[in-house]
Amino acid sequence: MLELLFLLLPVAAAYGWFMGRNSVKHKELKGRASITRNLSSGLNFLLTDQEDKAIEQLLELLDIEAATIETYLALANLFRRKGDWDKAIRIHEKLHQLKLPKPQAQQIQFELAKDYFCAGLYDRAEKLLVNLVKSPKLAEMALKQLFSIFIATHEWHKAEQYRQAVESTTSRSLRVAMANMLVEALKQAPEQNVDHLMSLCEQYPLAIRPKFELAQCALNQQQPLLAKSALLYIVDHKPQWAADILPLLRQCQLADDEWYQLLSKLANKQHNISAVVLLARWLAEHGSATAAEQFLLDKLTQQPSIRVFQQLLQIRQQQSAPAAEVLSSVEELVNAYLDKKSLYSCRNCGFKTRNHYWLCPSCQQWETVEPVAGIDGR
Ligand SMILES: [Zn+2]
């Protein structure tokens, strides 16, 4: 009879395992119910505009449930977009304390740095970003964010230490930004150094600022040949800058023939308005007013332009004394119209201005504010 009791042992073991499993399940369910309860009350606080209580409630969950981090990141980003930087910081700081896999931890570090930047805590943001410059995934974004700090604080000299890091990325805009910040750092020096500017020109061929500054520096130091080669490089590679470059090139003692060839190329191949206007003046001086007038009429039929029309009015006034009085009042109207028009616009954000900025005041990008094109263009 006693032997029969041994036969019941497997049944008892199975019963024990079953009950044990149920108890774990029960605990799990209880835990989940508590999470759901906390989450629901957290969301409820959020929906009833009690954001501080909501954050407390939701942050408590973090200790238990690390799998919902994406939701917290989305919530923190939402606060940052709304301008509630302190709330975004609290969430990101809490996430930053969790032990997470490296890529996720670095992403949170980057987000926290962005919060600090938005809140004006530049030193804290910089400290976090410095660690991310070597991360293959975040290096480019971390460098851009670091450069935003240098722009805000005007600490241009700090850019220098990231030259190598920029070279290890493929970003064109980072190279242009680096070139511009190094020029800004040079400008803070008591004296402009032509050799430094020349080496920046060589190292950053994508940026036009070093060449522009070199040309102005060379002109100030009576070195027209050096200025000329820098300016010709700009118009060759970025003909849209001709409006600002041609007046400087005029100071570089170009031979008449060279000047004519340059203007012809820009006017006929690039359809640059400033070159068309200057070429018409050249024709009026070296050829005849009729040739200049015909050239302007041809250009106007190809491409309507207010500035070309303005030049045509000036030449017609010189040619015909009786028509001069009428034409001069038309010219006054055209001048008044053009005086109100923007001379530059940002190709990145569309910001329009009559002054030139190397750094767009609206979108904070370097070298995107260019002379305007189109019917009012130059
Ligand atoms: Zn812009």
# chains A, B, ... in the order shown; residues from 1 in each chain; ligands from 1
>>> select_by_dssp(residues="region 196-304 of chain A", states="alpha helix (DSSP H)", output="MDAnalysis selection string")
chainID A and resid 196:203 209:220 224:237 242:249 256:264 273:286 289:302
>>> residues_near_ligand(ligand="ligand 1", cutoff="7 Å", atoms="only C-alpha atoms and all ligand atoms", output="PyMOL selection string")
chain A and resi 346-351+360-365+368-369
>>> residues_around(residues="region 159-171 of chain A", least_positions_apart="5", cutoff="12 Å", atoms="only C-alpha atoms", output="short mmCIF file (atom, residue, chain, number, x, y, z; two decimals) with N, CA and C atoms, in the first residue's frame")
data_model
loop_
_atom_site.label_atom_id
_atom_site.label_comp_id
_atom_site.auth_asym_id
_atom_site.auth_seq_id
_atom_site.Cartn_x
_atom_site.Cartn_y
_atom_site.Cartn_z
N GLU A 126 28.17 70.96 -24.14
CA GLU A 126 29.47 70.72 -24.76
C GLU A 126 30.15 69.49 -24.16
N LEU A 129 28.61 66.41 -25.63
CA LEU A 129 28.85 66.26 -27.08
C LEU A 129 30.28 65.84 -27.39
N VAL A 130 31.23 66.33 -26.59
CA VAL A 130 32.64 65.99 -26.81
C VAL A 130 32.84 64.47 -26.84
N ASN A 131 32.07 63.78 -25.98
CA ASN A 131 32.20 62.31 -25.93
C ASN A 131 31.59 61.61 -27.15
N LEU A 132 30.75 62.33 -27.88
CA LEU A 132 30.04 61.68 -28.99
C LEU A 132 30.72 61.92 -30.35
N VAL A 133 31.75 62.77 -30.35
CA VAL A 133 32.40 63.13 -31.62
C VAL A 133 33.03 61.91 -32.31
N LYS A 134 33.41 60.90 -31.50
CA LYS A 134 34.04 59.72 -32.09
C LYS A 134 33.03 58.61 -32.39
N SER A 135 31.77 58.81 -32.02
CA SER A 135 30.76 57.79 -32.31
C SER A 135 30.46 57.76 -33.81
N PRO A 136 30.61 56.59 -34.46
CA PRO A 136 30.43 56.56 -35.92
C PRO A 136 29.03 57.03 -36.34
N LYS A 137 28.04 56.73 -35.51
CA LYS A 137 26.67 57.05 -35.88
C LYS A 137 26.30 58.52 -35.59
N LEU A 138 26.86 59.06 -34.52
CA LEU A 138 26.40 60.38 -34.08
C LEU A 138 27.42 61.50 -34.31
N ALA A 139 28.61 61.15 -34.82
CA ALA A 139 29.69 62.14 -34.93
C ALA A 139 29.24 63.40 -35.67
N GLU A 140 28.61 63.22 -36.83
CA GLU A 140 28.24 64.37 -37.66
C GLU A 140 27.24 65.28 -36.92
N MET A 141 26.24 64.65 -36.31
CA MET A 141 25.22 65.45 -35.62
C MET A 141 25.80 66.11 -34.38
N ALA A 142 26.71 65.39 -33.70
CA ALA A 142 27.33 65.95 -32.49
C ALA A 142 28.20 67.16 -32.86
N LEU A 143 28.94 67.04 -33.99
CA LEU A 143 29.78 68.17 -34.42
C LEU A 143 28.92 69.37 -34.79
N LYS A 144 27.80 69.12 -35.48
CA LYS A 144 26.91 70.23 -35.86
C LYS A 144 26.36 70.93 -34.62
N GLN A 145 26.01 70.12 -33.62
CA GLN A 145 25.48 70.69 -32.38
C GLN A 145 26.58 71.47 -31.64
N LEU A 146 27.79 70.91 -31.64
CA LEU A 146 28.92 71.62 -31.01
C LEU A 146 29.16 72.97 -31.70
N PHE A 147 29.09 72.98 -33.04
CA PHE A 147 29.32 74.22 -33.79
C PHE A 147 28.22 75.24 -33.47
N SER A 148 27.00 74.73 -33.22
CA SER A 148 25.91 75.66 -32.84
C SER A 148 26.25 76.35 -31.52
N ILE A 149 26.92 75.61 -30.63
CA ILE A 149 27.33 76.21 -29.35
C ILE A 149 28.37 77.32 -29.61
N PHE A 150 29.35 77.00 -30.47
CA PHE A 150 30.40 78.00 -30.75
C PHE A 150 29.81 79.24 -31.42
N ILE A 151 28.77 79.03 -32.24
CA ILE A 151 28.11 80.17 -32.88
C ILE A 151 27.42 81.02 -31.81
N THR A 153 28.17 81.21 -28.62
CA THR A 153 29.08 81.81 -27.64
C THR A 153 30.22 82.62 -28.30
N HIS A 154 30.30 82.53 -29.64
CA HIS A 154 31.38 83.19 -30.40
C HIS A 154 32.77 82.69 -29.97
N VAL A 176 32.47 73.55 -44.63
CA VAL A 176 32.23 74.98 -44.87
C VAL A 176 32.12 75.71 -43.53
N ALA A 177 31.42 75.09 -42.56
CA ALA A 177 31.28 75.71 -41.23
C ALA A 177 32.65 75.86 -40.57
N MET A 178 33.48 74.81 -40.67
CA MET A 178 34.81 74.84 -40.05
C MET A 178 35.63 75.99 -40.66
N ALA A 179 35.63 76.08 -42.01
CA ALA A 179 36.39 77.14 -42.69
C ALA A 179 35.94 78.51 -42.19
N ASN A 180 34.65 78.71 -42.07
CA ASN A 180 34.12 80.01 -41.64
C ASN A 180 34.49 80.33 -40.20
N MET A 181 34.44 79.31 -39.33
CA MET A 181 34.77 79.57 -37.93
C MET A 181 36.26 79.87 -37.76
N LEU A 182 37.08 79.20 -38.59
CA LEU A 182 38.52 79.47 -38.51
C LEU A 182 38.82 80.89 -39.01
N VAL A 183 38.06 81.32 -40.03
CA VAL A 183 38.23 82.71 -40.50
C VAL A 183 37.81 83.68 -39.40
N GLU A 184 36.69 83.37 -38.73
CA GLU A 184 36.23 84.23 -37.63
C GLU A 184 37.30 84.31 -36.54
N ALA A 185 37.93 83.15 -36.24
CA ALA A 185 38.98 83.14 -35.21
C ALA A 185 40.16 84.01 -35.65
N LEU A 186 40.50 83.92 -36.96
CA LEU A 186 41.61 84.74 -37.48
C LEU A 186 41.28 86.23 -37.38
N LEU A 200 44.10 78.21 -45.37
CA LEU A 200 42.68 77.85 -45.24
C LEU A 200 42.03 77.66 -46.62
N GLN A 203 43.05 74.23 -47.76
CA GLN A 203 42.44 73.13 -47.00
C GLN A 203 40.94 73.01 -47.19
N TYR A 204 40.29 74.15 -47.45
CA TYR A 204 38.82 74.12 -47.57
C TYR A 204 38.38 74.68 -48.93
N LEU A 206 35.96 73.92 -50.70
CA LEU A 206 34.50 74.02 -50.87
C LEU A 206 33.95 75.34 -50.32
#
>>> residues_around(residues="region 301-305 of chain A", least_positions_apart="4", cutoff="12 Å", atoms="only C-alpha atoms", output="NGL selection string")
:A and (267-268 or 270-274 or 276-277 or 294-297 or 309-312 or 334 or 338 or 372-378)
>>> residues_around(residues="Ile91 (chain A)", least_positions_apart="2", cutoff="8 Å", atoms="only C-alpha atoms", output="compact mmCIF listing (two decimals) with N, CA and C atoms, in the first residue's frame")
# COMPACT_ATOMS: atom_id res chain seq x y z
N ILE A 55 4.88 63.64 -15.15
CA ILE A 55 6.29 63.25 -15.34
C ILE A 55 6.77 62.40 -14.17
N LEU A 59 8.05 58.75 -14.73
CA LEU A 59 9.46 58.47 -14.45
C LEU A 59 9.63 57.32 -13.47
N TYR A 72 9.33 57.29 -23.95
CA TYR A 72 9.82 58.39 -23.13
C TYR A 72 10.61 59.39 -23.97
N LEU A 73 11.39 58.86 -24.93
CA LEU A 73 12.16 59.75 -25.80
C LEU A 73 11.20 60.63 -26.59
N ALA A 76 9.76 63.28 -24.28
CA ALA A 76 10.75 64.33 -23.96
C ALA A 76 10.95 65.25 -25.17
N LYS A 87 11.40 70.12 -18.48
CA LYS A 87 10.72 68.81 -18.42
C LYS A 87 11.47 67.80 -19.30
N ALA A 88 11.88 68.25 -20.47
CA ALA A 88 12.64 67.36 -21.37
C ALA A 88 13.93 66.93 -20.69
N ILE A 89 14.59 67.88 -20.01
CA ILE A 89 15.84 67.57 -19.31
C ILE A 89 15.60 66.52 -18.23
N GLU A 93 17.51 63.12 -18.38
CA GLU A 93 18.48 62.85 -17.31
C GLU A 93 18.19 61.51 -16.64
N LYS A 94 16.89 61.24 -16.44
CA LYS A 94 16.50 59.97 -15.82
C LYS A 94 16.88 58.80 -16.75
N LEU A 95 16.61 58.98 -18.03
CA LEU A 95 16.96 57.93 -19.00
C LEU A 95 18.47 57.73 -19.06
>>> atom_distance(atom1="CA of Asp298 (chain A)", atom2="CA of Tyr233 (chain A)")
28.7 Å
>>> closest_residue(among="A:Lys99, A:His92, A:His237, A:Lys340", to="Leu112 (chain A)", atoms="only C-alpha atoms")
A:His92
>>> closest_residue(among="A:Arg307, A:Lys269, A:Lys211, A:Arg175", to="Leu343 (chain A)", atoms="only C-alpha atoms")
A:Arg307
>>> atom_distance(atom1="CA of Tyr260 (chain A)", atom2="CA of Pro239 (chain A)")
15.9 Å
